[in-house]
$ cat data_17.csv   # CSV, C-alpha atoms and all ligand atoms
chain,number,residue,atom,x,y,z
A,1,MET,CA,0.3,81.3,27.5
A,2,SER,CA,-1.1,80.6,24.0
A,3,LYS,CA,0.2,77.7,22.0
A,4,LYS,CA,2.9,78.6,19.6
A,5,ASN,CA,3.2,76.8,16.2
A,6,ALA,CA,6.5,76.3,14.5
A,7,ILE,CA,6.6,78.1,11.1
A,8,ILE,CA,9.2,78.2,8.4
A,9,THR,CA,9.9,81.9,7.7
A,10,GLY,CA,12.6,81.6,5.1
A,11,VAL,CA,14.6,79.1,3.0
A,12,ALA,CA,18.0,79.3,1.2
A,13,GLY,CA,20.6,77.0,-0.2
A,14,VAL,CA,23.7,76.4,-2.2
A,15,LEU,CA,25.1,74.0,-4.7
A,16,PRO,CA,28.8,73.8,-5.4
A,17,ASP,CA,29.9,74.9,-8.9
A,18,TYR,CA,31.3,71.7,-10.4
A,19,ILE,CA,28.7,69.7,-12.3
A,20,LEU,CA,29.3,65.9,-12.7
A,21,THR,CA,27.4,64.6,-15.7
A,22,ASN,CA,26.3,61.1,-16.5
A,23,GLU,CA,28.6,61.3,-19.5
A,24,GLU,CA,31.6,62.0,-17.3
A,25,LEU,CA,30.5,59.2,-14.9
A,26,SER,CA,30.3,56.8,-17.8
A,27,ARG,CA,34.0,57.4,-18.4
A,28,MET,CA,34.8,56.6,-14.8
A,29,VAL,CA,32.7,53.4,-14.3
A,30,ASP,CA,30.8,51.0,-16.5
A,31,THR,CA,27.5,52.8,-16.7
A,32,SER,CA,25.4,54.9,-19.1
A,33,ASP,CA,23.1,58.0,-19.1
A,34,GLU,CA,20.3,55.6,-20.2
A,35,TRP,CA,20.7,53.3,-17.2
A,36,ILE,CA,21.0,56.1,-14.7
A,37,MET,CA,18.0,58.0,-16.1
A,38,THR,CA,15.7,55.0,-16.2
A,39,ARG,CA,16.8,53.4,-12.9
A,40,ILE,CA,17.3,56.5,-10.8
A,41,GLY,CA,16.4,59.6,-12.7
A,42,ILE,CA,19.5,61.7,-12.3
A,43,LYS,CA,21.2,63.7,-15.1
A,44,THR,CA,23.7,65.8,-13.1
A,45,ARG,CA,24.9,66.3,-9.5
A,46,HIS,CA,27.1,69.1,-8.0
A,47,ILE,CA,30.4,68.3,-6.5
A,48,LEU,CA,32.5,70.3,-4.0
A,49,LYS,CA,36.0,70.0,-5.6
A,50,GLU,CA,38.1,72.5,-3.7
A,51,PRO,CA,40.6,70.8,-1.4
A,52,GLY,CA,40.1,71.7,2.3
A,53,LYS,CA,36.4,72.5,1.9
A,54,GLY,CA,33.8,70.5,3.7
A,55,SER,CA,30.1,70.3,4.5
A,56,SER,CA,30.4,73.3,6.8
A,57,ASP,CA,31.5,75.5,3.9
A,58,LEU,CA,28.3,74.6,2.1
A,59,GLY,CA,26.2,74.9,5.3
A,60,ALA,CA,27.7,78.3,6.2
A,61,GLU,CA,27.0,79.7,2.7
A,62,ALA,CA,23.4,78.4,2.9
A,63,VAL,CA,22.9,80.0,6.3
A,64,ARG,CA,24.6,83.3,5.3
A,65,ARG,CA,22.1,83.5,2.4
A,66,LEU,CA,19.2,82.6,4.7
A,67,LEU,CA,20.1,85.3,7.2
A,68,GLU,CA,20.6,87.9,4.5
A,69,LYS,CA,17.3,87.0,2.8
A,70,THR,CA,15.3,87.0,6.0
A,71,ASN,CA,17.0,90.1,7.2
A,72,THR,CA,18.1,88.3,10.4
A,73,ASN,CA,20.9,89.4,12.6
A,74,PRO,CA,23.1,86.4,13.6
A,75,ASP,CA,22.8,87.6,17.2
A,76,GLU,CA,19.0,86.8,17.1
A,77,ILE,CA,19.6,83.1,16.5
A,78,ASP,CA,19.3,81.0,19.6
A,79,MET,CA,19.6,77.5,18.2
A,80,VAL,CA,21.5,75.9,15.2
A,81,LEU,CA,20.8,72.4,14.2
A,82,CYS,CA,22.8,70.7,11.4
A,83,ALA,CA,21.6,67.5,9.8
A,84,THR,CA,24.4,65.7,8.2
A,85,VAL,CA,26.0,62.3,7.6
A,86,THR,CA,29.2,64.0,6.3
A,87,PRO,CA,30.3,66.2,9.2
A,88,ASP,CA,33.6,68.1,8.8
A,89,HIS,CA,35.0,66.1,11.6
A,90,GLN,CA,33.8,63.4,14.1
A,91,PHE,CA,33.8,66.4,16.5
A,92,PRO,CA,33.1,69.2,17.1
A,93,ALA,CA,29.7,69.4,15.6
A,94,THR,CA,29.5,70.8,12.1
A,95,ALA,CA,26.7,73.1,13.5
A,96,SER,CA,29.3,74.7,15.7
A,97,ILE,CA,31.7,75.2,12.8
A,98,ILE,CA,28.9,76.7,10.7
A,99,SER,CA,27.8,79.0,13.5
A,100,ASP,CA,31.4,80.2,13.9
A,101,LYS,CA,31.8,80.9,10.2
A,102,VAL,CA,28.6,83.0,10.0
A,103,GLY,CA,29.1,84.8,13.3
A,104,ILE,CA,26.3,83.2,15.3
A,105,LYS,CA,27.4,83.9,18.9
A,106,HIS,CA,24.3,83.5,21.1
A,107,ALA,CA,23.0,80.1,20.1
A,108,PHE,CA,23.4,76.5,21.2
A,109,HIS,CA,24.3,74.1,18.4
A,110,PHE,CA,24.4,70.4,17.7
A,111,ASP,CA,24.4,67.9,14.8
A,112,LEU,CA,21.8,65.4,14.1
A,113,ASN,CA,22.4,62.2,12.1
A,114,ALA,CA,19.3,60.4,10.8
A,115,GLY,CA,20.7,59.6,7.3
A,116,CYS,CA,18.5,61.0,4.6
A,117,SER,CA,15.8,61.7,7.1
A,118,GLY,CA,18.0,64.2,8.9
A,119,PHE,CA,16.2,67.3,7.8
A,120,LEU,CA,12.8,65.9,8.7
A,121,TYR,CA,14.0,64.7,12.1
A,122,GLY,CA,15.6,68.2,12.5
A,123,LEU,CA,12.3,69.9,11.7
A,124,SER,CA,10.5,67.7,14.2
A,125,THR,CA,13.2,68.6,16.9
A,126,ALA,CA,13.0,72.3,16.1
A,127,THR,CA,9.2,72.2,16.3
A,128,ALA,CA,9.4,70.7,19.9
A,129,TYR,CA,11.8,73.6,20.9
A,130,ILE,CA,9.6,76.2,19.4
A,131,GLU,CA,6.3,74.8,20.8
A,132,SER,CA,7.8,74.5,24.3
A,133,GLY,CA,9.0,78.1,24.1
A,134,ARG,CA,12.7,77.1,24.6
A,135,ALA,CA,13.8,78.6,21.4
A,136,LYS,CA,12.6,81.6,19.3
A,137,LYS,CA,14.7,81.6,16.1
A,138,ILE,CA,16.2,78.3,14.9
A,139,VAL,CA,18.4,77.7,12.0
A,140,LEU,CA,18.0,74.2,10.6
A,141,VAL,CA,20.6,73.4,8.0
A,142,GLY,CA,21.1,70.2,6.0
A,143,ALA,CA,24.7,70.1,4.7
A,144,GLU,CA,26.4,67.3,2.8
A,145,LYS,CA,29.6,66.7,1.0
A,146,MET,CA,28.5,63.2,-0.1
A,147,SER,CA,31.4,63.1,-2.6
A,148,SER,CA,33.7,62.7,0.4
A,149,ILE,CA,32.3,59.2,1.2
A,150,THR,CA,31.3,58.1,-2.4
A,151,ASP,CA,33.4,55.4,-4.0
A,152,TYR,CA,33.9,56.6,-7.6
A,153,THR,CA,34.9,53.0,-8.6
A,154,ASP,CA,31.5,51.6,-7.5
A,155,ARG,CA,28.9,52.0,-10.2
A,156,ALA,CA,26.1,50.9,-7.9
A,157,THR,CA,26.4,54.0,-5.7
A,158,CYS,CA,28.5,56.7,-7.4
A,159,PRO,CA,25.8,57.9,-9.8
A,160,ILE,CA,23.4,58.5,-6.9
A,161,PHE,CA,24.9,61.1,-4.6
A,162,GLY,CA,25.6,64.8,-4.8
A,163,ASP,CA,26.8,67.7,-2.6
A,164,GLY,CA,24.8,70.7,-1.4
A,165,SER,CA,23.2,72.5,1.5
A,166,GLY,CA,19.8,74.0,2.3
A,167,ALA,CA,18.7,75.9,5.4
A,168,VAL,CA,15.5,77.1,6.9
A,169,LEU,CA,14.6,79.6,9.6
A,170,ILE,CA,12.0,78.4,12.1
A,171,GLU,CA,10.1,80.7,14.3
A,172,PRO,CA,7.0,80.7,16.6
A,173,SER,CA,3.6,81.9,15.4
A,174,ASP,CA,0.4,82.6,17.3
A,175,ASP,CA,-1.5,81.5,14.3
A,176,GLU,CA,-2.4,77.9,15.0
A,177,THR,CA,-3.5,77.3,11.4
A,178,LEU,CA,0.0,77.7,10.1
A,179,GLY,CA,3.3,75.8,10.4
A,180,VAL,CA,3.9,72.3,11.5
A,181,ILE,CA,0.6,70.6,12.2
A,182,ASP,CA,1.4,66.9,12.5
A,183,ILE,CA,4.5,64.7,12.6
A,184,ILE,CA,5.1,61.0,12.2
A,185,MET,CA,8.7,59.9,12.8
A,186,GLN,CA,9.8,56.2,12.8
A,187,SER,CA,13.0,54.1,12.8
A,188,ASP,CA,14.0,50.5,12.7
A,189,GLY,CA,17.6,49.7,13.4
A,190,VAL,CA,17.4,46.4,11.6
A,191,GLY,CA,18.0,48.4,8.4
A,192,ARG,CA,21.4,49.5,9.5
A,193,HIS,CA,23.0,46.4,7.8
A,194,HIS,CA,21.8,47.5,4.4
A,195,LEU,CA,23.1,51.1,4.3
A,196,HIS,CA,26.2,52.3,6.2
A,197,GLN,CA,29.8,53.4,6.3
A,198,LYS,CA,31.9,50.5,7.7
A,199,ALA,CA,35.0,52.2,9.1
A,200,GLY,CA,36.1,55.5,10.6
A,201,GLY,CA,34.0,55.2,13.8
A,202,SER,CA,34.8,53.7,17.1
A,203,VAL,CA,34.2,50.0,16.0
A,204,TRP,CA,36.7,50.1,13.1
A,205,PRO,CA,38.8,53.3,13.5
A,206,SER,CA,40.6,54.4,10.4
A,207,SER,CA,43.7,52.3,9.6
A,208,ALA,CA,45.8,51.5,6.5
A,209,GLU,CA,43.7,48.3,6.2
A,210,THR,CA,40.3,50.0,6.3
A,211,VAL,CA,41.5,52.5,3.7
A,212,ALA,CA,42.9,49.7,1.5
A,213,ASN,CA,39.5,47.8,1.9
A,214,ARG,CA,37.6,50.9,0.8
A,215,GLU,CA,35.6,50.8,4.0
A,216,HIS,CA,35.2,54.6,4.4
A,217,PHE,CA,32.8,54.8,1.5
A,218,ILE,CA,29.0,54.4,1.4
A,219,TYR,CA,28.0,50.7,1.5
A,220,GLN,CA,24.5,50.2,0.2
A,221,GLU,CA,22.5,47.1,-0.8
A,222,GLY,CA,20.2,48.9,-3.2
A,223,GLN,CA,17.3,46.5,-3.5
A,224,PRO,CA,16.3,46.1,0.2
A,225,VAL,CA,16.8,49.8,0.7
A,226,PHE,CA,14.6,50.5,-2.3
A,227,LYS,CA,11.8,48.1,-1.1
A,228,TRP,CA,11.7,49.6,2.4
A,229,ALA,CA,11.9,53.1,1.1
A,230,VAL,CA,8.9,52.6,-1.3
A,231,SER,CA,6.7,51.0,1.3
A,232,LYS,CA,7.6,53.1,4.4
A,233,MET,CA,7.7,56.6,2.7
A,234,ALA,CA,4.3,55.9,1.1
A,235,ASP,CA,2.8,54.3,4.2
A,236,THR,CA,3.6,57.3,6.4
A,237,ALA,CA,2.7,59.9,3.8
A,238,VAL,CA,-0.7,58.2,3.4
A,239,GLU,CA,-1.2,57.8,7.2
A,240,ILE,CA,-0.5,61.5,7.8
A,241,MET,CA,-2.9,62.4,5.0
A,242,GLU,CA,-5.7,60.3,6.4
A,243,ARG,CA,-5.4,61.3,10.0
A,244,ASN,CA,-5.6,65.0,9.0
A,245,ASN,CA,-8.5,64.5,6.6
A,246,LEU,CA,-6.4,65.5,3.6
A,247,THR,CA,-7.1,64.3,0.1
A,248,SER,CA,-5.2,64.6,-3.2
A,249,ASP,CA,-7.4,67.7,-3.9
A,250,ASN,CA,-6.5,69.7,-0.8
A,251,ILE,CA,-2.8,68.8,-0.7
A,252,ASN,CA,-0.8,71.4,-2.6
A,253,TRP,CA,2.6,69.9,-2.5
A,254,LEU,CA,4.5,66.7,-1.7
A,255,VAL,CA,8.1,67.3,-0.8
A,256,PRO,CA,9.7,63.9,-1.1
A,257,HIS,CA,13.3,62.9,-0.3
A,258,GLN,CA,15.2,62.7,-3.6
A,259,ALA,CA,16.8,59.3,-3.6
A,260,ASN,CA,15.3,57.7,-6.7
A,261,ASN,CA,12.6,59.0,-9.1
A,262,ARG,CA,10.9,55.6,-9.0
A,263,ILE,CA,10.5,55.9,-5.2
A,264,ILE,CA,9.1,59.4,-5.6
A,265,GLU,CA,6.6,58.3,-8.2
A,266,ALA,CA,5.5,55.3,-6.1
A,267,THR,CA,4.8,57.6,-3.1
A,268,ALA,CA,2.9,60.1,-5.2
A,269,GLN,CA,0.9,57.3,-6.7
A,270,ARG,CA,-0.1,55.9,-3.3
A,271,MET,CA,-1.2,59.4,-2.3
A,272,ASN,CA,-3.1,59.7,-5.6
A,273,LEU,CA,-1.2,63.0,-6.4
A,274,PRO,CA,-0.6,64.2,-9.9
A,275,LYS,CA,3.1,64.9,-10.7
A,276,GLU,CA,2.4,68.7,-10.9
A,277,LYS,CA,2.0,68.6,-7.1
A,278,VAL,CA,5.4,66.8,-6.5
A,279,MET,CA,8.6,68.7,-5.9
A,280,ILE,CA,11.4,67.1,-7.9
A,281,ASN,CA,14.9,68.2,-8.5
A,282,ILE,CA,16.7,64.9,-8.3
A,283,GLN,CA,17.6,65.1,-12.0
A,284,ARG,CA,19.8,68.1,-11.3
A,285,TYR,CA,21.2,67.5,-7.8
A,286,GLY,CA,21.0,63.8,-7.2
A,287,ASN,CA,20.6,62.6,-3.7
A,288,THR,CA,22.1,65.2,-1.3
A,289,THR,CA,20.9,63.2,1.7
A,290,ALA,CA,19.9,65.7,4.5
A,291,ALA,CA,19.9,68.6,2.0
A,292,THR,CA,17.2,67.3,-0.4
A,293,LEU,CA,14.1,68.7,1.3
A,294,PRO,CA,15.3,72.2,1.9
A,295,LEU,CA,16.8,72.4,-1.6
A,296,CYS,CA,13.3,71.4,-2.9
A,297,LEU,CA,11.7,74.1,-0.8
A,298,MET,CA,14.2,76.6,-2.2
A,299,ASP,CA,13.6,75.6,-5.8
A,300,TYR,CA,9.8,75.8,-5.4
A,301,GLU,CA,9.6,78.7,-3.0
A,302,ASN,CA,8.3,81.1,-5.6
A,303,GLN,CA,5.3,78.8,-6.2
A,304,LEU,CA,4.4,78.5,-2.6
A,305,ARG,CA,1.5,80.4,-1.1
A,306,LYS,CA,0.5,81.1,2.5
A,307,GLY,CA,-1.8,78.3,3.8
A,308,ASP,CA,-0.6,75.7,1.2
A,309,ASN,CA,-0.9,72.2,2.6
A,310,ILE,CA,2.5,70.5,2.3
A,311,ILE,CA,3.5,66.9,3.1
A,312,LEU,CA,7.2,66.3,3.5
A,313,ALA,CA,8.2,62.6,3.4
A,314,THR,CA,11.5,60.8,3.7
A,315,PHE,CA,13.4,57.6,4.1
A,316,GLY,CA,17.1,57.0,5.0
A,317,ALA,CA,19.9,55.1,6.7
A,318,GLY,CA,19.1,53.7,10.1
A,319,PHE,CA,16.5,52.9,8.8
A,320,THR,CA,14.7,56.1,9.5
A,321,TRP,CA,11.6,57.5,7.9
A,322,GLY,CA,8.7,59.8,8.5
A,323,ALA,CA,6.3,62.5,7.3
A,324,ILE,CA,5.4,66.0,8.4
A,325,TYR,CA,2.3,67.9,7.5
A,326,LEU,CA,2.8,71.7,7.5
A,327,LYS,CA,0.9,74.7,6.3
A,328,TRP,CA,3.2,77.1,4.5
A,329,ALA,CA,3.4,80.4,6.3
A,330,TYR,CA,4.1,83.0,3.6
A,331,ASP,CA,3.7,83.8,-0.1
A,332,GLY,CA,6.8,83.0,-2.2
A,333,LYS,CA,8.0,85.9,-4.3
B,1,LIG,O1,18.7,57.9,0.3
B,1,LIG,C1,18.9,56.9,1.1
B,1,LIG,C2,18.1,55.7,0.7
B,1,LIG,N1,18.6,55.2,-0.5
B,1,LIG,C3,17.7,54.8,-1.5
B,1,LIG,O2,16.5,55.0,-1.4
B,1,LIG,C4,18.3,54.0,-2.6
B,1,LIG,C5,17.3,52.8,-2.9
B,1,LIG,N2,17.8,52.0,-4.0
B,1,LIG,C6,17.8,52.3,-5.3
B,1,LIG,O3,17.5,53.5,-5.6
B,1,LIG,C7,18.2,51.3,-6.3
B,1,LIG,O4,18.2,50.0,-5.7
B,1,LIG,C8,19.5,51.6,-7.0
B,1,LIG,C9,19.4,52.8,-7.9
B,1,LIG,C10,20.6,51.8,-6.0
B,1,LIG,C11,19.9,50.4,-7.9
B,1,LIG,O5,18.8,50.2,-8.8
B,1,LIG,P1,18.2,48.7,-9.0
B,1,LIG,O6,17.2,48.8,-10.0
B,1,LIG,O7,17.8,48.2,-7.7
B,1,LIG,O8,19.4,47.9,-9.6
B,1,LIG,P2,20.1,46.6,-9.1
B,1,LIG,O9,21.0,46.9,-7.9
B,1,LIG,O10,19.1,45.5,-8.9
B,1,LIG,O11,21.0,46.2,-10.3
B,1,LIG,C12,20.4,45.8,-11.5
B,1,LIG,C13,21.6,45.6,-12.5
B,1,LIG,C14,22.7,44.7,-12.0
B,1,LIG,O12,23.3,44.0,-13.0
B,1,LIG,P3,22.9,42.4,-13.2
B,1,LIG,O13,23.3,41.8,-11.9
B,1,LIG,O14,21.4,42.4,-13.4
B,1,LIG,O15,23.6,42.0,-14.4
B,1,LIG,C15,23.8,45.8,-11.6
B,1,LIG,O16,25.1,45.3,-11.6
B,1,LIG,O17,22.1,46.9,-12.9
B,1,LIG,C16,23.6,46.8,-12.7
B,1,LIG,N3,24.0,48.2,-12.3
B,1,LIG,C17,24.3,49.1,-13.2
B,1,LIG,N4,24.4,49.1,-14.5
B,1,LIG,C18,24.7,50.2,-15.1
B,1,LIG,C19,24.1,48.7,-11.0
B,1,LIG,N5,24.5,50.0,-11.1
B,1,LIG,C20,24.7,50.2,-12.4
B,1,LIG,C21,25.1,51.4,-13.1
B,1,LIG,N6,25.1,51.3,-14.5
B,1,LIG,N7,25.4,52.5,-12.5
$ encode --input "data_17.csv" --output "structure tokens" --more "lines below"
Ligand code: UT7
Amino acid sequence: MSKKNAIITGVAGVLPDYILTNEELSRMVDTSDEWIMTRIGIKTRHILKEPGKGSSDLGAEAVRRLLEKTNTNPDEIDMVLCATVTPDHQFPATASIISDKVGIKHAFHFDLNAGCSGFLYGLSTATAYIESGRAKKIVLVGAEKMSSITDYTDRATCPIFGDGSGAVLIEPSDDETLGVIDIIMQSDGVGRHHLHQKAGGSVWPSSAETVANREHFIYQEGQPVFKWAVSKMADTAVEIMERNNLTSDNINWLVPHQANNRIIEATAQRMNLPKEKVMINIQRYGNTTAATLPLCLMDYENQLRKGDNIILATFGAGFTWGAIYLKWAYDGK
């Protein structure tokens, strides 16, 4: 049996309609467009406002668009992987809810939580299933309603996050020169203290007290997270470049997690990449956690060409981080 490579054969995504601007935020908390633009680089983020709608509604729409665009029958999908930190419920998996909503009946599904690295961890997992021959058509979807855990009275976190979903189709290819070529995935649980949600899990189940203490929102110590993110994202991106003999000349694109423009710039600088080779949409969407990477691929799909050398790099809660080197498998329209 010849070796199969995992290739991305389509990408799609969705952003909710409502746009939360820096101007509106500065009426909610003591902040300004100038502070947010210089310290983070975000102008707007999309927010899912409709009551009773959750991450699965965004995820299902992204997957519907993906199946339509790639002309794929839901019956052909044999695995659905949803990366999220904002599942609809503690259980069942949001992947199961998405599958039900789009009519995927012959797949196994599960969620994956690796913070902002969820999509990259998902791509690594999907690659293992494809390479082993255990799955043939995988939907990997990053879906987040970050607004559901964002404290809009906390100026240190509320400008950062946005809602959205992006999905990719992953399939096997006999062409060993295409698809996922190399993977570096790393974690250090010591970082969990700096970025987490305190209550709502089994340690501190929801109670009137946890709600009163605002413990269901994102807790983030920005500076340590920033320092780790800058060093780890850049370290792994450079490591994967070097061990695959890539240089700034033969890399076509860096697809970085969109947490802070300064982190993205620092990573690109360490890789010696000009900004023309860096996918950036943080200014419009903010940090959509597990959805940032597929939303970048969606926005830049038209510019991608078969054989392009792409480095995806990320850092998130856990801490988790990593980089994937892949060769894009088709010409964007
Ligand atoms: O995606 C998962 C991983 N997450 C990340 O990668 C996030 C990493 N961290 C960061 O991006 C940055 O640390 C933040 C954007 C969260 C914060 O930026 P910073 O440059 O580290 O600011 P800081 O926390 O050191 O705060 C500097 C000052 C403080 O005031 P004082 O104490 O110097 O008077 C804050 O109170 O800025 C103040 N501040 C604000 N001022 C205006 C904090 N938030 C705001 C705000 N508007 N929204």
$ residues_around --input "data_17.csv" --residues "range 192-203 of chain A" --least-positions-apart "6" --cutoff "8 Å" --atoms "all atoms listed in the file" --output "mmCIF file with C-alpha atoms, in the coordinates of the input"
data_model
loop_
_atom_site.group_PDB
_atom_site.id
_atom_site.type_symbol
_atom_site.label_atom_id
_atom_site.label_comp_id
_atom_site.auth_asym_id
_atom_site.auth_seq_id
_atom_site.Cartn_x
_atom_site.Cartn_y
_atom_site.Cartn_z
ATOM 1 C CA THR A 210 40.300 50.000 6.300
ATOM 2 C CA GLU A 215 35.600 50.800 4.000
ATOM 3 C CA HIS A 216 35.200 54.600 4.400
ATOM 4 C CA PHE A 217 32.800 54.800 1.500
ATOM 5 C CA ILE A 218 29.000 54.400 1.400
ATOM 6 C CA TYR A 219 28.000 50.700 1.500
ATOM 7 C CA GLN A 220 24.500 50.200 0.200
ATOM 8 C CA GLU A 221 22.500 47.100 -0.800
ATOM 9 C CA GLY A 222 20.200 48.900 -3.200
ATOM 10 C CA PRO A 224 16.300 46.100 0.200
ATOM 11 C CA VAL A 225 16.800 49.800 0.700
ATOM 12 C CA ALA A 317 19.900 55.100 6.700
ATOM 13 C CA GLY A 318 19.100 53.700 10.100
ATOM 14 C CA PHE A 319 16.500 52.900 8.800
#
$ residues_near_ligand --input "data_17.csv" --ligand "ligand LIG 1 (chain B)" --cutoff "6 Å" --atoms "only C-alpha atoms and all ligand atoms" --output "ChimeraX atom specification"
/A:31-32,35,39-40,116,155-156,222-223,225-226,229,259-260,289,316-317
$ closest_residue --input "data_17.csv" --among "A:Lys145, A:Arg243, A:Lys227, A:Lys277" --to "His46 in chain A" --atoms "all atoms listed in the file"
A:Lys145
$ residues_near_point --input "data_17.csv" --point "(20.5, 60.9, -0.3)" --cutoff "8 Å" --atoms "only C-alpha atoms" --output "ChimeraX atom specification"
/A:115-116,160-162,257-259,286-290,292,316
$ atom_distance --input "data_17.csv" --atom1 "CA of Asp17 in chain A" --atom2 "CA of Pro87 in chain A"
20.1 Å
$ closest_residue --input "data_17.csv" --among "A:Ile310, A:Ile97, A:Val168, A:Ile240" --to "Pro294 in chain A" --atoms "only C-alpha atoms"
A:Val168
$ residues_near_point --input "data_17.csv" --point "(-0.2, 65.7, 2.9)" --cutoff "8 Å" --atoms "only C-alpha atoms" --output "PyMOL selection string"
chain A and resi 237-238+240-241+246-248+251-254+309-312+324-325
$ closest_residue --input "data_17.csv" --among "A:Thr150, A:Ser206, A:Ser124, A:Thr44" --to "Ile184 in chain A" --atoms "all atoms listed in the file"
A:Ser124
$ residues_around --input "data_17.csv" --residues "Glu23 in chain A" --least-positions-apart "2" --cutoff "10 Å" --atoms "all atoms listed in the file" --output "count of residues only"
11
$ atom_distance --input "data_17.csv" --atom1 "CA of Phe119 in chain A" --atom2 "CA of Leu140 in chain A"
7.7 Å
$ closest_atom_pairs --input "data_17.csv" --of "range 165-234 of chain A" --to "range 65-85 of chain A" --cutoff "9 Å" --atoms "all atoms listed in the file" --output "Markdown table"
| residue | atom | partner | partner_atom | distance |
| --- | --- | --- | --- | --- |
| A:Gly166 | CA | A:Leu66 | CA | 8.9 |
| A:Ala167 | CA | A:Leu66 | CA | 6.8 |
| A:Val168 | CA | A:Leu66 | CA | 7.0 |
| A:Leu169 | CA | A:Leu66 | CA | 7.4 |
$ write_last_selection --input "data_17.csv" --atoms "C-alpha atoms" --output "short mmCIF file (atom, residue, chain, number, x, y, z; two decimals), in the coordinates of the input"
data_model
loop_
_atom_site.label_atom_id
_atom_site.label_comp_id
_atom_site.auth_asym_id
_atom_site.auth_seq_id
_atom_site.Cartn_x
_atom_site.Cartn_y
_atom_site.Cartn_z
CA GLY A 166 19.80 74.00 2.30
CA ALA A 167 18.70 75.90 5.40
CA VAL A 168 15.50 77.10 6.90
CA LEU A 169 14.60 79.60 9.60
#
$ atom_distance --input "data_17.csv" --atom1 "CA of Glu61 in chain A" --atom2 "CA of Pro256 in chain A"
23.7 Å
$ closest_residue --input "data_17.csv" --among "A:Thr153, A:Ser231, A:Thr94, A:Ser99" --to "Ile138 in chain A" --atoms "all atoms listed in the file"
A:Ser99
$ closest_residue --input "data_17.csv" --among "A:Val141, A:Met146, A:Leu112, A:Ala93" --to "Arg45 in chain A" --atoms "all atoms listed in the file"
A:Met146
$ closest_residue --input "data_17.csv" --among "A:Met233, A:Val63, A:Pro51, A:Ser117" --to "Gly103 in chain A" --atoms "all atoms listed in the file"
A:Val63
$ residues_around --input "data_17.csv" --residues "Ser147 in chain A" --least-positions-apart "3" --cutoff "9 Å" --atoms "all atoms listed in the file" --output "PyMOL selection string"
chain A and resi 47-49+144+150-152+158+161-163
$ residues_around --input "data_17.csv" --residues "Lys306 in chain A" --least-positions-apart "4" --cutoff "12 Å" --atoms "all atoms listed in the file" --output "list in words"
Ile7, Ile8, Thr9, Asp175, Thr177, Leu178, Gly179, Asn252, Glu301, Asn302, Ile310, Leu326, Lys327, Trp328, Ala329, Tyr330, Asp331, Gly332 and Lys333 of chain A
$ build_atoms --input "data_17.csv" --residues "range 291-300 of chain A" --atoms "N, CA, C and O atoms" --output "PDB file, keeping the file's coordinate frame"
ATOM      1  N   ALA A 291      20.109  67.307   2.670  1.00  0.00           N
ATOM      2  CA  ALA A 291      19.900  68.600   2.000  1.00  0.00           C
ATOM      3  C   ALA A 291      18.728  68.558   1.001  1.00  0.00           C
ATOM      4  O   ALA A 291      18.314  69.604   0.491  1.00  0.00           O
ATOM      5  N   THR A 292      18.193  67.350   0.709  1.00  0.00           N
ATOM      6  CA  THR A 292      17.200  67.300  -0.400  1.00  0.00           C
ATOM      7  C   THR A 292      15.959  68.108  -0.134  1.00  0.00           C
ATOM      8  O   THR A 292      15.484  68.825  -1.018  1.00  0.00           O
ATOM      9  N   LEU A 293      15.413  67.985   1.077  1.00  0.00           N
ATOM     10  CA  LEU A 293      14.100  68.700   1.300  1.00  0.00           C
ATOM     11  C   LEU A 293      14.240  70.179   1.306  1.00  0.00           C
ATOM     12  O   LEU A 293      13.446  70.851   0.634  1.00  0.00           O
ATOM     13  N   PRO A 294      15.225  70.781   2.024  1.00  0.00           N
ATOM     14  CA  PRO A 294      15.300  72.200   1.900  1.00  0.00           C
ATOM     15  C   PRO A 294      15.677  72.735   0.532  1.00  0.00           C
ATOM     16  O   PRO A 294      15.243  73.827   0.136  1.00  0.00           O
ATOM     17  N   LEU A 295      16.442  71.935  -0.227  1.00  0.00           N
ATOM     18  CA  LEU A 295      16.800  72.400  -1.600  1.00  0.00           C
ATOM     19  C   LEU A 295      15.502  72.325  -2.482  1.00  0.00           C
ATOM     20  O   LEU A 295      15.335  73.163  -3.372  1.00  0.00           O
ATOM     21  N   CYS A 296      14.601  71.380  -2.215  1.00  0.00           N
ATOM     22  CA  CYS A 296      13.300  71.400  -2.900  1.00  0.00           C
ATOM     23  C   CYS A 296      12.513  72.628  -2.561  1.00  0.00           C
ATOM     24  O   CYS A 296      11.975  73.319  -3.438  1.00  0.00           O
ATOM     25  N   LEU A 297      12.434  72.919  -1.257  1.00  0.00           N
ATOM     26  CA  LEU A 297      11.700  74.100  -0.800  1.00  0.00           C
ATOM     27  C   LEU A 297      12.251  75.359  -1.438  1.00  0.00           C
ATOM     28  O   LEU A 297      11.534  76.270  -1.852  1.00  0.00           O
ATOM     29  N   MET A 298      13.581  75.414  -1.541  1.00  0.00           N
ATOM     30  CA  MET A 298      14.200  76.600  -2.200  1.00  0.00           C
ATOM     31  C   MET A 298      13.828  76.701  -3.641  1.00  0.00           C
ATOM     32  O   MET A 298      13.435  77.771  -4.097  1.00  0.00           O
ATOM     33  N   ASP A 299      13.898  75.596  -4.335  1.00  0.00           N
ATOM     34  CA  ASP A 299      13.600  75.600  -5.800  1.00  0.00           C
ATOM     35  C   ASP A 299      12.153  75.995  -6.070  1.00  0.00           C
ATOM     36  O   ASP A 299      11.834  76.576  -7.102  1.00  0.00           O
ATOM     37  N   TYR A 300      11.252  75.574  -5.179  1.00  0.00           N
ATOM     38  CA  TYR A 300       9.800  75.800  -5.400  1.00  0.00           C
ATOM     39  C   TYR A 300       9.242  76.948  -4.624  1.00  0.00           C
ATOM     40  O   TYR A 300       8.038  77.182  -4.672  1.00  0.00           O
TER      41      TYR A 300
END
